[in-house]
Structure formats: structure tokens, C-alpha cells
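Colleague: Input structure: structure_19.tsv, which contains TSV, C-alpha atoms.
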chain	number	residue	atom	x	y	z
A	8	MET	CA	120.01	109.93	112.99
A	9	PHE	CA	119.91	111.10	109.34
A	10	LYS	CA	118.45	114.31	107.96
A	11	ASN	CA	117.27	112.68	104.72
A	12	ARG	CA	118.31	110.11	102.13
A	13	VAL	CA	120.75	112.46	100.41
A	14	GLU	CA	122.70	113.06	103.61
A	15	ALA	CA	122.63	109.34	104.40
A	16	GLY	CA	123.92	108.56	100.91
A	17	ARG	CA	126.81	110.98	101.22
A	18	LEU	CA	127.85	109.50	104.55
A	19	LEU	CA	127.56	105.99	103.11
A	20	GLY	CA	129.59	107.01	100.07
A	21	THR	CA	132.39	108.19	102.36
A	22	ALA	CA	132.36	104.80	104.13
A	23	LEU	CA	132.71	103.06	100.76
A	24	MET	CA	135.60	105.12	99.38
A	25	HIS	CA	137.93	102.13	99.67
A	26	LEU	CA	136.15	100.85	96.53
A	27	ALA	CA	136.96	103.94	94.47
A	28	ASP	CA	139.64	102.19	92.40
A	29	GLU	CA	137.52	99.08	91.72
A	30	ASP	CA	135.31	98.36	88.69
A	31	VAL	CA	132.12	99.16	90.60
A	32	VAL	CA	128.45	99.26	89.66
A	33	VAL	CA	126.05	100.77	92.19
A	34	LEU	CA	122.53	99.32	92.26
A	35	GLY	CA	119.77	101.10	94.17
A	36	LEU	CA	116.66	99.34	95.40
A	37	PRO	CA	113.68	101.37	94.20
A	38	ARG	CA	112.26	103.47	95.28
A	39	GLY	CA	113.82	104.72	98.52
A	40	GLY	CA	117.25	103.21	97.98
A	41	VAL	CA	117.88	105.06	94.73
A	42	PRO	CA	118.50	108.57	96.18
A	43	VAL	CA	120.96	107.00	98.62
A	44	ALA	CA	122.60	104.98	95.83
A	45	ARG	CA	122.92	108.07	93.66
A	46	GLU	CA	125.13	109.74	96.27
A	47	VAL	CA	127.20	106.57	96.63
A	48	ALA	CA	127.66	106.37	92.86
A	49	ARG	CA	128.76	110.01	92.78
A	50	ALA	CA	131.30	109.43	95.54
A	51	LEU	CA	132.77	106.42	93.73
A	52	ALA	CA	132.41	107.90	90.22
A	53	ALA	CA	130.58	104.68	89.35
A	54	PRO	CA	127.57	103.94	87.10
A	55	LEU	CA	124.16	103.79	88.76
A	56	ASP	CA	121.33	101.37	87.99
A	57	VAL	CA	118.34	99.87	89.77
A	58	ILE	CA	117.78	96.31	90.85
A	59	VAL	CA	114.10	95.45	90.93
A	60	VAL	CA	112.95	92.96	93.55
A	61	ARG	CA	109.60	92.36	95.26
A	62	LYS	CA	108.89	91.31	98.81
A	63	LEU	CA	106.67	88.27	99.25
A	64	GLY	CA	104.18	89.12	101.97
A	65	VAL	CA	102.36	86.55	104.09
A	66	PRO	CA	98.71	86.31	102.89
A	67	GLY	CA	96.62	88.57	105.11
A	68	GLN	CA	99.77	90.15	106.55
A	69	PRO	CA	101.46	91.72	103.49
A	70	GLU	CA	104.01	93.67	105.55
A	71	PHE	CA	105.32	90.43	107.09
A	72	ALA	CA	107.92	89.18	104.61
A	73	MET	CA	108.26	85.47	103.88
A	74	GLY	CA	110.81	86.06	101.13
A	75	ALA	CA	111.38	88.05	97.96
A	76	ILE	CA	111.83	87.65	94.22
A	77	GLY	CA	114.07	89.41	91.73
A	78	GLU	CA	114.72	89.77	88.04
A	79	GLY	CA	115.90	86.67	86.24
A	80	ASP	CA	113.43	84.37	88.05
A	81	VAL	CA	115.55	84.48	91.20
A	82	SER	CA	113.78	84.01	94.52
A	83	PHE	CA	114.52	83.80	98.23
A	84	ILE	CA	112.02	82.03	100.49
A	85	ASP	CA	112.21	82.12	104.28
A	86	TRP	CA	110.82	78.64	104.91
A	87	GLY	CA	110.78	79.22	108.65
A	88	VAL	CA	108.34	82.11	108.23
A	89	VAL	CA	106.29	80.14	105.69
A	90	SER	CA	105.93	77.28	108.16
A	91	ALA	CA	105.25	79.48	111.19
A	92	ALA	CA	102.57	81.44	109.32
A	93	GLY	CA	100.91	78.29	108.00
A	94	VAL	CA	101.24	79.35	104.36
A	95	THR	CA	100.32	76.56	101.96
A	96	GLY	CA	102.14	75.75	98.74
A	97	VAL	CA	99.20	77.03	96.72
A	98	GLN	CA	99.14	80.32	98.62
A	99	LEU	CA	102.89	80.77	98.17
A	100	SER	CA	102.64	80.11	94.43
A	101	ARG	CA	99.85	82.67	94.07
A	102	VAL	CA	101.83	85.33	95.92
A	103	ILE	CA	104.90	84.64	93.78
A	104	GLN	CA	102.90	84.82	90.54
A	105	SER	CA	101.23	88.07	91.56
A	106	GLU	CA	104.47	89.71	92.62
A	107	ARG	CA	106.26	88.46	89.50
A	108	GLU	CA	103.74	90.31	87.32
A	109	VAL	CA	104.29	93.50	89.31
A	110	LEU	CA	108.07	93.10	89.18
A	111	GLU	CA	108.13	92.76	85.40
A	112	ARG	CA	106.02	95.89	84.98
A	113	ARG	CA	108.13	97.83	87.47
A	114	ALA	CA	111.32	96.90	85.61
A	115	TRP	CA	109.78	98.01	82.32
A	116	LEU	CA	108.50	101.24	83.86
A	117	LEU	CA	111.88	102.22	85.28
A	118	ARG	CA	114.16	100.98	82.50
A	119	GLY	CA	112.05	101.08	79.36
A	120	ASP	CA	114.36	100.30	76.45
A	121	ARG	CA	117.52	101.00	78.45
A	122	GLU	CA	119.81	98.05	78.87
A	123	PRO	CA	120.72	97.21	82.47
A	124	GLN	CA	124.33	97.60	83.53
A	125	ASP	CA	126.53	94.62	82.69
A	126	LEU	CA	127.53	93.06	86.02
A	127	GLU	CA	129.81	90.32	84.68
A	128	GLY	CA	133.08	90.26	86.62
A	129	ARG	CA	132.40	93.55	88.40
A	130	VAL	CA	132.06	94.66	92.01
A	131	VAL	CA	128.39	95.33	92.71
A	132	VAL	CA	127.26	97.54	95.57
A	133	ILE	CA	123.59	97.06	96.44
A	134	VAL	CA	122.22	100.09	98.26
A	135	ASP	CA	119.00	100.62	100.21
A	136	ASP	CA	117.87	103.42	102.52
A	137	GLY	CA	117.71	100.93	105.39
A	138	MET	CA	117.15	97.24	106.03
A	139	ALA	CA	114.72	95.64	108.45
A	140	THR	CA	114.49	91.89	107.80
A	141	GLY	CA	116.89	91.97	104.84
A	142	SER	CA	114.81	89.52	102.78
A	143	THR	CA	114.54	91.88	99.82
A	144	VAL	CA	118.26	92.56	99.85
A	145	GLN	CA	119.00	88.83	99.99
A	146	ALA	CA	117.03	88.41	96.77
A	147	ALA	CA	118.99	91.28	95.23
A	148	VAL	CA	122.28	89.60	96.19
A	149	ARG	CA	121.19	86.37	94.51
A	150	VAL	CA	120.15	88.24	91.36
A	151	THR	CA	123.51	89.96	91.04
A	152	ARG	CA	125.40	86.71	91.57
A	153	ALA	CA	123.27	85.04	88.90
A	154	LEU	CA	124.20	87.90	86.57
A	155	GLY	CA	127.92	87.27	87.04
A	156	ALA	CA	129.03	89.77	89.67
A	157	ALA	CA	132.54	89.06	90.95
A	158	ARG	CA	131.83	90.49	94.39
A	159	VAL	CA	128.61	91.69	95.99
A	160	ILE	CA	128.63	94.31	98.74
A	161	VAL	CA	125.50	95.32	100.62
A	162	ALA	CA	125.35	98.89	101.89
A	163	ALA	CA	122.78	100.85	103.86
A	164	PRO	CA	122.75	103.69	106.37
A	165	VAL	CA	120.93	101.69	109.05
A	166	ALA	CA	119.91	98.11	109.90
A	167	PRO	CA	119.50	95.84	112.93
A	168	ALA	CA	122.63	93.97	113.97
A	169	ASP	CA	121.06	90.54	113.42
A	170	THR	CA	120.06	91.50	109.86
A	171	VAL	CA	123.64	92.57	109.17
A	172	ASP	CA	124.86	89.21	110.43
A	173	ASP	CA	122.38	87.36	108.19
A	174	LEU	CA	123.46	89.35	105.14
A	175	ARG	CA	127.14	88.64	105.76
A	176	SER	CA	126.39	84.98	105.12
A	177	VAL	CA	125.16	85.65	101.55
A	178	SER	CA	127.28	88.64	100.48
A	179	ASP	CA	130.99	89.39	100.33
A	180	ALA	CA	130.73	92.37	102.68
A	181	VAL	CA	128.13	94.46	104.47
A	182	VAL	CA	128.64	98.18	105.13
A	183	VAL	CA	126.08	99.68	107.52
A	184	LEU	CA	126.64	102.98	109.30
A	185	GLU	CA	124.39	102.40	112.30
A	186	THR	CA	122.91	99.30	113.98
A	187	PRO	CA	120.61	100.79	116.65
A	188	GLU	CA	118.50	98.83	119.10
A	189	PRO	CA	115.59	98.70	119.47
A	190	PHE	CA	114.80	98.75	115.75
A	191	TYR	CA	111.13	99.19	114.88
A	192	ALA	CA	111.10	100.82	111.43
A	193	ILE	CA	113.59	102.41	109.04
A	194	GLY	CA	111.75	105.72	109.05
A	195	GLN	CA	112.37	106.28	112.76
A	196	PHE	CA	116.02	107.05	111.97
A	197	TYR	CA	115.30	109.80	109.41
A	198	ASP	CA	114.03	113.35	109.96
A	199	ASP	CA	112.63	113.27	106.42
A	200	PHE	CA	111.53	109.84	105.19
A	201	SER	CA	108.98	111.01	102.64
A	202	GLN	CA	108.11	108.62	99.83
A	203	THR	CA	110.37	108.61	96.78
A	204	SER	CA	108.46	108.95	93.50
A	205	ASP	CA	109.05	107.10	90.24
A	206	SER	CA	109.96	110.43	88.62
A	207	GLU	CA	112.72	110.93	91.20
A	208	VAL	CA	114.05	107.45	90.47
A	209	LEU	CA	114.05	108.16	86.73
A	210	ALA	CA	115.78	111.50	87.27
A	211	ALA	CA	118.50	109.82	89.32
A	212	LEU	CA	119.09	107.18	86.65
A	213	ARG	CA	119.32	109.83	83.95
A	214	GLY	CA	121.83	112.02	85.72
A	215	GLY	CA	119.38	114.44	87.30
A	216	GLN	CA	117.23	115.19	84.25
A	217	SER	CA	113.56	115.30	85.27
A	218	ILE	CA	111.58	112.80	83.21
A	219	ARG	CA	108.04	111.61	83.76
A	220	PRO	CA	107.55	107.88	84.40
A	221	ARG	CA	106.46	105.76	81.46
A	222	GLN	CA	102.72	105.36	81.23
A	223	LEU	CA	101.38	101.83	81.36
A	224	SER	CA	98.33	101.00	79.24
A	225	MET	CA	96.82	98.59	81.73
A	226	SER	CA	93.63	100.29	82.84
A	227	GLY	CA	91.28	97.82	84.46
A	228	THR	CA	93.97	95.28	85.24
A	229	GLY	CA	93.86	95.96	88.95
A	230	ILE	CA	97.66	95.73	89.10
A	231	ASP	CA	99.44	98.34	91.22
A	232	VAL	CA	102.74	99.27	89.59
Could the structure of this file be written out as C-alpha cells, please?

Modeller:
Amino acid sequence: MFKNRVEAGRLLGTALMHLADEDVVVLGLPRGGVPVAREVARALAAPLDVIVVRKLGVPGQPEFAMGAIGEGDVSFIDWGVVSAAGVTGVQLSRVIQSEREVLERRAWLLRGDREPQDLEGRVVVIVDDGMATGSTVQAAVRVTRALGAARVIVAAPVAPADTVDDLRSVSDAVVVLETPEPFYAIGQFYDDFSQTSDSEVLAALRGGQSIRPRQLSMSGTGIDV
């Protein structure tokens, strides 16, 4: 359906051109959402930043999301999944604590001493390369609202129709180019869905200049950043 994230971002940017005269900030979800968001930001001549959130995986089934957390101590918990998976309160707390540590290090790695974009009173467009369950994006929406965004728009090249419906209930608008069924994985709709590196994210945030990721002095911590 899409050649790569750059092509998808350009197509998405065209679909969002009605926002060109608004006071817009484009936020990409790292890592894969940032190359898409960069093209959207270029189309709208808007500033680009990242919004760092972490998926909360069910213990023993980390790819099965039971919610997500974001910067500013914001969280979204899918209590239906928690109940169905039999996750205890202690287990949930441990997952949140672990992911919070990773989130804080990821934010530091990507931003360093840079101040995040001021979202107060602005139109925020949250961009990802695709959405499956939408739990991570829901956390991102809640973070931006907590930071004072006037309107929050979710945008992605592809997502299931039921996920789009769910996101409409928490955002001001959802712009998705394709809602194919059946939907198994985001990567099935890209010819090239290779992993986006931290250096690519940093380059996008710095206007294309290639910069190595910050090095974390945490050897032996066992924390994957």
C-alpha cells in the first residue's frame, strides 16, 4: 500500500493541508512515526517534535498491550484487557514502574537539553506510521491535552476501522488514509518497513543534520533504551 514511511508521510501531509493556516505542532511517535511526521511537518511548515510514550505489555505477552504511559505521569489502562489477562495490581504496578524508567531515559536520549515544543493553546497533530490497537496513541493524546493543547488530531497512514472509531472518542479528529481489513500488522502495508534508528530520529528533529544518539552511562543496568 505504501512504498516506505517517507511516501506515506507525504500522502498524509497532503490529507492534512486544511491545517496549513493553523498554529500547528507536529509530534511524531518514535521511532517509526518520526519519518512520517517529518513529511507532515514539512507539508504544513510546522515545527516537529517527538512525544515519548511506552506500551504496557501483559506480563509474559509483552506484545499484547494493556495500556500505555506518557511523559508527565500520564497513563492509559485498558482495564478490560487487564481483567481478561488476569493481571494483578502488583504486576501492573511493576510493569508501569519498569516502563516509566525506560520512558524517562528515552526522552532524555532523544531530547537531551532541548526544550519540548510548547503545546499550550495550539493544534497538535500526533503522527505514527500506523496504528493497531491505538493504546499508545491514546496515551499520547492524553499527554498533549495535559500539556494544554487546544485541539488534538491523530494522523496515520493506516489503521483498523475499529481503532479509528476508538480514537475519535478521545481526540478532536482522526485522519487515516487507509482502513484495510483484515488487519494483522502495520508492516504488511509497507514495501519497506525497516526499523527506524535513533540517529534517524535525531536527524529528523534537527532538520536533517546527522547526529549520533546521546550515549547513556548505564552499563550493567539491564535497561534497554

Colleague: Which of these residues is nearest to Gly77 in chain A, using only C-alpha atoms: A:Ala53, A:Leu116, A:Ala153, A:Ala92?

Modeller: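 Of A:Ala53, A:Leu116, A:Ala153, A:Ala92, the one nearest Gly77 in chain A is A:Ala153, counting only C-alpha atoms.
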
Colleague: As an exercise, work out the distance from CA of Leu51 in chain A to CA of Arg152 in chain A in Å and give it to one decimal place.

Modeller: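 Distance between the two atoms: 21.2 Å.
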
Colleague: Which residues of range 99-141 of chain A sit at most 10 Å from range 164-170 of chain A, using all atoms listed in the file? Give each one's shortest atom pair and distance in Å (one decimal place), in chain and ascending residue order, as JSON lines.

Modeller:
{"residue": "A:Val134", "atom": "CA", "partner": "A:Pro164", "partner_atom": "CA", "distance": 8.9}
{"residue": "A:Asp135", "atom": "CA", "partner": "A:Pro164", "partner_atom": "CA", "distance": 7.8}
{"residue": "A:Asp136", "atom": "CA", "partner": "A:Pro164", "partner_atom": "CA", "distance": 6.2}
{"residue": "A:Gly137", "atom": "CA", "partner": "A:Val165", "partner_atom": "CA", "distance": 4.9}
{"residue": "A:Met138", "atom": "CA", "partner": "A:Ala166", "partner_atom": "CA", "distance": 4.8}
{"residue": "A:Ala139", "atom": "CA", "partner": "A:Ala166", "partner_atom": "CA", "distance": 5.9}
{"residue": "A:Thr140", "atom": "CA", "partner": "A:Thr170", "partner_atom": "CA", "distance": 6.0}
{"residue": "A:Gly141", "atom": "CA", "partner": "A:Thr170", "partner_atom": "CA", "distance": 6.0}

Colleague: Would you list the contacts of Arg17 in chain A as a list in words, taking every protein, DNA or RNA residue within 12 Å and counting all atoms listed in the file, but skipping same-chain residues closer than 6 positions in sequence?

Modeller: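 Answer for this query is Phe9, Lys10, Asn11, Leu23, Met24, Pro42, Val43, Ala44, Arg45, Glu46, Val47, Ala48, Arg49, Ala50, Leu51, Asp136, Ala163, Pro164 and Leu184 of chain A.
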
Colleague: Rank nothing, just name the residue among A:Gly87, A:Val182, A:Phe196, A:Ser204 nearest to Leu19 in chain A, using only C-alpha atoms.

Modeller: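 So, comparing all the options, the nearest one is A:Val182.
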
Colleague: Please list as a ChimeraX atom specification every residue within 12 Å of Pro69 in chain A, counting all atoms listed in the file and excluding residues in the same chain fewer than 5 positions away.

Modeller: /A:61-64,74-75,92,102,106

Colleague: To one decimal in Å, tell me the separation between CA of Val41 in chain A and CA of Leu212 in chain A.

Modeller: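 It comes out at 8.4 Å.
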
Colleague: Using only C-alpha atoms, pick whichever of A:Gly16, A:Gly67, A:Pro54, A:Gly214 has the shortest atom-to-atom distance to Asp30 in chain A.

Modeller: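 Nearest candidate to Asp30 in chain A out of A:Gly16, A:Gly67, A:Pro54, A:Gly214: A:Pro54.
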
Colleague: Within 8 Å of (131.3, 93.7, 102.6), all atoms listed in the file: residues as a PyMOL selection string?

Modeller: chain A and resi 159-162+175+178-182

Colleague: What's the separation between CA of Val183 in chain A and CA of His25 in chain A, in Å to one decimal place?

Modeller: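 CA of Val183 in chain A sits 14.4 Å away from CA of His25 in chain A.
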
Colleague: Given the choices A:Arg158, A:Trp115, A:Val150, A:Ile84, which gets closest to Glu29 in chain A if the distance is worked out from all atoms listed in the file?

Modeller: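 Ranking A:Arg158, A:Trp115, A:Val150, A:Ile84 by distance to Glu29 in chain A, first place goes to A:Arg158.
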
Colleague: Save range 58-74 of chain A of the structure in the block above to a file, with N, CA and C atoms included, as a tab-separated table (two decimals), in the first residue's frame.

Modeller:
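The file below, part_13.tsv, is the result:
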chain	number	residue	atom	x	y	z
A	58	ILE	N	6.86	12.79	20.81
A	58	ILE	CA	6.11	12.56	22.04
A	58	ILE	C	6.44	11.14	22.47
A	59	VAL	N	7.02	11.02	23.64
A	59	VAL	CA	7.54	9.73	24.08
A	59	VAL	C	6.50	9.04	24.96
A	60	VAL	N	6.06	7.89	24.53
A	60	VAL	CA	5.13	7.06	25.29
A	60	VAL	C	5.64	5.62	25.25
A	61	ARG	N	5.17	4.81	26.19
A	61	ARG	CA	5.57	3.41	26.25
A	61	ARG	C	4.34	2.53	26.39
A	62	LYS	N	4.32	1.48	25.60
A	62	LYS	CA	3.24	0.50	25.71
A	62	LYS	C	3.42	-0.34	26.96
A	63	LEU	N	2.34	-0.65	27.62
A	63	LEU	CA	2.36	-1.54	28.78
A	63	LEU	C	1.94	-2.93	28.30
A	64	GLY	N	2.89	-3.85	28.25
A	64	GLY	CA	2.61	-5.19	27.78
A	64	GLY	C	2.16	-6.11	28.90
A	65	VAL	N	1.26	-7.02	28.57
A	65	VAL	CA	0.81	-8.02	29.54
A	65	VAL	C	2.01	-8.89	29.94
A	66	PRO	N	2.23	-9.13	31.24
A	66	PRO	CA	3.34	-9.98	31.67
A	66	PRO	C	3.31	-11.34	30.96
A	67	GLY	N	4.45	-11.71	30.36
A	67	GLY	CA	4.53	-12.95	29.62
A	67	GLY	C	4.07	-12.83	28.19
A	68	GLN	N	3.37	-11.75	27.86
A	68	GLN	CA	2.91	-11.49	26.49
A	68	GLN	C	3.15	-10.02	26.17
A	69	PRO	N	4.41	-9.58	26.12
A	69	PRO	CA	4.74	-8.15	26.02
A	69	PRO	C	4.18	-7.45	24.79
A	70	GLU	N	3.86	-8.18	23.73
A	70	GLU	CA	3.32	-7.55	22.54
A	70	GLU	C	1.82	-7.29	22.65
A	71	PHE	N	1.20	-7.83	23.69
A	71	PHE	CA	-0.24	-7.68	23.92
A	71	PHE	C	-0.44	-6.49	24.85
A	72	ALA	N	-0.88	-5.37	24.32
A	72	ALA	CA	-0.94	-4.12	25.09
A	72	ALA	C	-2.12	-4.10	26.05
A	73	MET	N	-1.83	-3.71	27.29
A	73	MET	CA	-2.91	-3.49	28.26
A	73	MET	C	-3.00	-2.01	28.64
A	74	GLY	N	-2.30	-1.18	27.87
A	74	GLY	CA	-2.32	0.26	28.10
A	74	GLY	C	-1.01	0.89	27.68
